[in-house]
Amino acid sequence: VMFDSLSDRLTGALKDLRGKGKLSDADIDRTCREIRLALLDADVSLQVVRGFIARIKERAKGSEVSGALNPAQQIVKIVNEELIAVLGGETRRIAYAKTPPTVIMLAGLQGAGKTTLAGKLAAWLIKQGHTPILVACDLQRPGAVDQLKVVGERAGTPVFAPHPGTSVGGEGVLGVSAADPIGVARDGIEHARARQHDVVIVDTAGRLGIDAELMAQAKGIRDAVSPDEVLFVVDAMIGQDAVTTAEAFAEGVDFTGVVLTKLDGDARGGAALSVREITGRPIMFASSGEKLEDFDVFHPDRMASRILGMGDVLSLIEQAEEHWDAEQAEAAAAKITQGELTLEDFLEQMLMIRKMGPIGNLLGMLPGAGQMKDALAQVDDKQLDRVQAIIRGMTPAERDNPKIINASRRLRIANGSGVSVSEVNQLVDRFFEARKMMAQMSGRMGMPGGNRRSN
Ligand code: GDP
């Protein structure tokens, strides 16, 4: 699917950096060259590629120092951040009108997927508790009105349209001429207001190519209904042409957001990466198939992760950075290698990891987590709570050396932390076992204490 080859090449370029302790300028230049070629081959506009590469190079060579990441990971982080920025940064949500109805106008070339999108958007709005209505203003293309009606029915939303069978020049609902899309749009809004629909989606006519008449009509509709959002709908498969079209619509009608369609196609996807930077307008939604559900809010960060093929592992890295206490980690690593880890250290480590969020969520962010669902279901934060409670019930001396905990103390600890004595015993036994094992392992691997940078 879309982005697969771009994704493969970007991950390939970044993979070569792995295992390098320090990156030279030559390493960075070579990686940037590969990224540049990958983007150009994916049809990303040259202007966008240039800026992107320049920013990555500058940041990579200035290389921000981070305790938790090695140089290669830092480059990945930089590429990811710049990718998110190119895709628009923050997720942009619909700006609903203070006084309903909110009017959303769709514009774009014929075949871009406007009508299909109208249905998907309506279905999505219904799920969010809205009561949308579709207004059919594409009176140019034969059958467009009927198509919107079919789409509306599928989405479970009413459609305001000229009477069926009225051809161009005939009379539509409310006495509007079917040839007058601006009149239909205006009446559609009135109708929506009267019926208390809180969102109106206005579908407009497209052409196979950009022309002045199309722009004038779209502009006329826009001026007549003053939409809260004008969404420019663009087929992501048309490559570089998407950029030209976007520029023409930005100038002709102006728009507040972009909808990318056909992201399920096997094209290279450069449009997605160019349109935002070229027009300065955010991508708001993504459409990826013929079914109503193949539609979602566009999240720049998630799309970047997907393009870099890394699940949400970058949020994980960020959270680790945020909560990472390097000194504490060094000390713990040193103790592990010497077999001196105490329950106190163990508790600290556990708290540090748990600050990052529920264990299930953390594991869920790892790539490939999709196939690990069963395993994840076994991980239980409650169990960890109990372990924490047990350790907290011990005195500092006991945490240092659990061997001194006798039977009556075990009972006290169990009662104090609301668990059974056997759970306390289990924890203590498992701790000794684990400590022994960790010391053996680090000995065998010749791991120097505190070498937390090796993966
Ligand atoms: P309009 O002329 O802009 O209203 O475009 P349509 O909604 O009629 O869509 C044109 C064609 O593209 C139709 O055959 C749709 O089924 C198809 N289409 C629309 N959106 C998508 C999408 O996200 N993925 C795929 N694969 N096809 C789509």
# chains A, B, ... in the order shown; residues from 1 in each chain; ligands from 1
>>> residues_around(residues="Asp198 (chain A)", least_positions_apart="2", cutoff="9 Å", atoms="only C-alpha atoms", output="list in words")
Thr99, Pro100, Pro101, Thr102, Val103, His130, Thr131, Pro132, Ile133, Ala192, Arg193, Gln196 and Val200 of chain A
>>> write_last_selection(atoms="C-alpha atoms", output="PDB file, in the first residue's frame")
ATOM      1  CA  THR A  99     -24.175  28.820  16.516  1.00  0.00           C
ATOM      2  CA  PRO A 100     -25.117  25.740  14.504  1.00  0.00           C
ATOM      3  CA  PRO A 101     -25.280  24.699  11.807  1.00  0.00           C
ATOM      4  CA  THR A 102     -21.581  24.260  11.094  1.00  0.00           C
ATOM      5  CA  VAL A 103     -21.150  24.440   7.346  1.00  0.00           C
ATOM      6  CA  HIS A 130     -23.888  15.136  15.378  1.00  0.00           C
ATOM      7  CA  THR A 131     -26.927  15.290  13.102  1.00  0.00           C
ATOM      8  CA  PRO A 132     -25.487  16.110   9.674  1.00  0.00           C
ATOM      9  CA  ILE A 133     -27.259  16.677   6.387  1.00  0.00           C
ATOM     10  CA  ALA A 192     -30.802  22.402   7.700  1.00  0.00           C
ATOM     11  CA  ARG A 193     -31.389  25.232  10.134  1.00  0.00           C
ATOM     12  CA  GLN A 196     -32.039  21.576  13.315  1.00  0.00           C
ATOM     13  CA  VAL A 200     -24.233  20.781   6.791  1.00  0.00           C
TER      14      VAL A 200
END
>>> residues_around(residues="Asp301 (chain A)", least_positions_apart="6", cutoff="8 Å", atoms="only C-alpha atoms", output="PyMOL selection string")
chain A and resi 84+89-90
>>> residues_near_ligand(ligand="ligand 1", cutoff="9 Å", atoms="only C-alpha atoms and all ligand atoms", output="tab-separated table (two decimals) with C-alpha atoms, in the first residue's frame")
chain	number	residue	atom	x	y	z
A	106	LEU	CA	-16.18	20.18	-0.14
A	107	ALA	CA	-14.15	21.22	-3.17
A	108	GLY	CA	-11.86	19.39	-5.54
A	109	LEU	CA	-11.49	17.86	-8.97
A	110	GLN	CA	-14.00	15.38	-10.34
A	111	GLY	CA	-13.07	11.87	-9.25
A	112	ALA	CA	-11.12	13.09	-6.24
A	113	GLY	CA	-13.57	11.30	-4.00
A	114	LYS	CA	-15.73	14.19	-2.76
A	115	THR	CA	-19.05	12.39	-2.90
A	116	THR	CA	-17.64	9.28	-1.27
A	117	LEU	CA	-16.07	11.47	1.37
A	118	ALA	CA	-19.35	13.31	2.04
A	119	GLY	CA	-20.83	9.97	3.16
A	138	ASP	CA	-22.90	19.10	-7.96
A	141	ARG	CA	-22.05	15.74	-13.57
A	144	ALA	CA	-24.01	13.15	-9.17
A	147	GLN	CA	-24.92	9.20	-6.25
A	148	LEU	CA	-25.01	11.51	-3.23
A	203	ASP	CA	-20.89	18.75	-2.01
A	204	THR	CA	-19.82	20.81	-5.02
A	205	ALA	CA	-19.08	20.08	-8.65
A	206	GLY	CA	-15.64	19.09	-9.84
A	207	ARG	CA	-14.04	19.13	-13.25
A	208	LEU	CA	-11.53	16.82	-14.75
A	233	VAL	CA	-10.41	16.90	-1.36
A	234	VAL	CA	-7.46	15.47	-3.25
A	235	ASP	CA	-6.66	12.06	-4.64
A	236	ALA	CA	-3.29	11.13	-3.10
A	260	LEU	CA	-6.40	13.02	1.29
A	261	THR	CA	-8.29	10.23	-0.43
A	262	LYS	CA	-7.27	6.86	-1.84
A	263	LEU	CA	-4.48	6.38	0.65
A	264	ASP	CA	-5.15	2.67	0.13
A	265	GLY	CA	-3.76	2.97	-3.38
A	286	ALA	CA	-7.57	10.71	5.42
A	287	SER	CA	-9.70	8.40	3.35
A	288	SER	CA	-8.44	4.97	2.50
A	289	GLY	CA	-11.00	2.84	0.73
A	290	GLU	CA	-14.51	2.48	-0.62
A	291	LYS	CA	-16.17	1.53	2.68
A	294	ASP	CA	-12.20	3.66	5.70
A	295	PHE	CA	-11.83	7.15	7.04
>>> residues_around(residues="Ile221 (chain A)", least_positions_apart="4", cutoff="12 Å", atoms="only C-alpha atoms", output="PyMOL selection string")
chain A and resi 103-107+135-138+180-189+202-205+214-217+225-227+230+253
>>> write_last_selection(atoms="C-alpha atoms", output="CSV table (one decimal), in the first residue's frame")
chain,number,residue,atom,x,y,z
A,103,VAL,CA,-21.2,24.4,7.3
A,104,ILE,CA,-18.5,22.3,5.7
A,105,MET,CA,-18.0,22.7,2.0
A,106,LEU,CA,-16.2,20.2,-0.1
A,107,ALA,CA,-14.2,21.2,-3.2
A,135,VAL,CA,-26.5,19.2,0.3
A,136,ALA,CA,-26.1,18.2,-3.3
A,137,CYS,CA,-24.6,21.1,-5.3
A,138,ASP,CA,-22.9,19.1,-8.0
A,180,ASP,CA,-28.3,27.1,-9.8
A,181,PRO,CA,-26.0,25.4,-7.4
A,182,ILE,CA,-25.6,28.6,-5.4
A,183,GLY,CA,-29.3,28.7,-4.8
A,184,VAL,CA,-29.4,25.0,-3.8
A,185,ALA,CA,-26.5,25.6,-1.4
A,186,ARG,CA,-28.3,28.6,0.2
A,187,ASP,CA,-31.6,26.8,0.5
A,188,GLY,CA,-29.8,23.7,1.8
A,189,ILE,CA,-28.5,25.7,4.7
A,202,VAL,CA,-22.1,20.9,0.9
A,203,ASP,CA,-20.9,18.7,-2.0
A,204,THR,CA,-19.8,20.8,-5.0
A,205,ALA,CA,-19.1,20.1,-8.7
A,214,LEU,CA,-15.3,25.7,-11.8
A,215,MET,CA,-13.4,28.1,-9.5
A,216,ALA,CA,-15.9,30.9,-10.0
A,217,GLN,CA,-18.8,28.5,-9.1
A,225,VAL,CA,-22.9,30.0,2.5
A,226,SER,CA,-19.8,31.3,4.4
A,227,PRO,CA,-18.6,27.9,5.4
A,230,VAL,CA,-13.7,24.5,3.2
A,253,VAL,CA,-11.5,29.2,-3.5
>>> residues_around(residues="region 408-416 of chain A", least_positions_apart="3", cutoff="9 Å", atoms="only C-alpha atoms", output="list in words")
Ala389, Ile390, Ile391, Arg392, Gly393, Met394, Ile405, Val419, Ser420, Val421, Ser422, Glu423, Val424 and Asn425 of chain A
>>> residues_around(residues="Phe232 (chain A)", least_positions_apart="6", cutoff="8 Å", atoms="only C-alpha atoms", output="VMD selection string")
chain A and resid 106 to 108 246 249 255 to 259
>>> decode(residues="region 239-262 of chain A", atoms="N, CA and C atoms", output="CSV table (one decimal), in the first residue's frame")
chain,number,residue,atom,x,y,z
A,239,GLY,N,0.0,12.1,-7.5
A,239,GLY,CA,1.4,12.4,-7.4
A,239,GLY,C,1.6,14.0,-7.4
A,240,GLN,N,2.6,14.4,-8.2
A,240,GLN,CA,2.9,15.8,-8.3
A,240,GLN,C,1.8,16.7,-8.6
A,241,ASP,N,0.8,16.2,-9.4
A,241,ASP,CA,-0.3,17.0,-9.8
A,241,ASP,C,-1.1,17.5,-8.6
A,242,ALA,N,-1.1,16.7,-7.6
A,242,ALA,CA,-1.8,17.1,-6.4
A,242,ALA,C,-1.4,18.5,-5.9
A,243,VAL,N,-0.1,18.7,-6.0
A,243,VAL,CA,0.5,20.0,-5.6
A,243,VAL,C,0.0,21.2,-6.4
A,244,THR,N,0.0,21.0,-7.7
A,244,THR,CA,-0.5,22.0,-8.7
A,244,THR,C,-2.0,22.3,-8.4
A,245,THR,N,-2.7,21.2,-8.3
A,245,THR,CA,-4.2,21.4,-8.0
A,245,THR,C,-4.4,22.1,-6.7
A,246,ALA,N,-3.7,21.7,-5.7
A,246,ALA,CA,-3.8,22.3,-4.4
A,246,ALA,C,-3.6,23.8,-4.5
A,247,GLU,N,-2.5,24.2,-5.2
A,247,GLU,CA,-2.2,25.6,-5.3
A,247,GLU,C,-3.3,26.3,-6.0
A,248,ALA,N,-3.9,25.7,-7.1
A,248,ALA,CA,-4.9,26.4,-7.8
A,248,ALA,C,-6.2,26.6,-6.9
A,249,PHE,N,-6.5,25.6,-6.2
A,249,PHE,CA,-7.7,25.7,-5.3
A,249,PHE,C,-7.4,26.7,-4.1
A,250,ALA,N,-6.2,26.7,-3.6
A,250,ALA,CA,-5.9,27.6,-2.6
A,250,ALA,C,-6.1,29.0,-3.1
A,251,GLU,N,-5.7,29.3,-4.3
A,251,GLU,CA,-5.9,30.6,-4.8
A,251,GLU,C,-7.3,30.9,-5.3
A,252,GLY,N,-7.9,29.9,-5.9
A,252,GLY,CA,-9.3,30.1,-6.5
A,252,GLY,C,-10.4,30.2,-5.4
A,253,VAL,N,-10.5,29.2,-4.5
A,253,VAL,CA,-11.5,29.2,-3.5
A,253,VAL,C,-11.0,29.5,-2.1
A,254,ASP,N,-9.7,29.2,-1.9
A,254,ASP,CA,-9.2,29.2,-0.6
A,254,ASP,C,-9.8,28.0,0.1
A,255,PHE,N,-9.0,27.3,1.0
A,255,PHE,CA,-9.6,26.3,1.8
A,255,PHE,C,-9.0,26.3,3.1
A,256,THR,N,-9.7,25.6,4.1
A,256,THR,CA,-9.2,25.7,5.5
A,256,THR,C,-8.5,24.4,5.8
A,257,GLY,N,-8.7,23.3,5.0
A,257,GLY,CA,-8.1,22.0,5.3
A,257,GLY,C,-8.1,21.1,4.1
A,258,VAL,N,-7.3,20.1,4.2
A,258,VAL,CA,-7.1,19.1,3.1
A,258,VAL,C,-7.7,17.8,3.5
A,259,VAL,N,-8.3,17.1,2.6
A,259,VAL,CA,-8.6,15.7,2.8
A,259,VAL,C,-7.9,14.8,1.8
A,260,LEU,N,-7.1,13.9,2.2
A,260,LEU,CA,-6.4,13.0,1.3
A,260,LEU,C,-7.3,11.8,1.1
A,261,THR,N,-7.5,11.4,-0.2
A,261,THR,CA,-8.3,10.2,-0.4
A,261,THR,C,-7.4,9.2,-1.1
A,262,LYS,N,-7.9,8.0,-1.1
A,262,LYS,CA,-7.3,6.9,-1.8
A,262,LYS,C,-5.9,6.6,-1.3
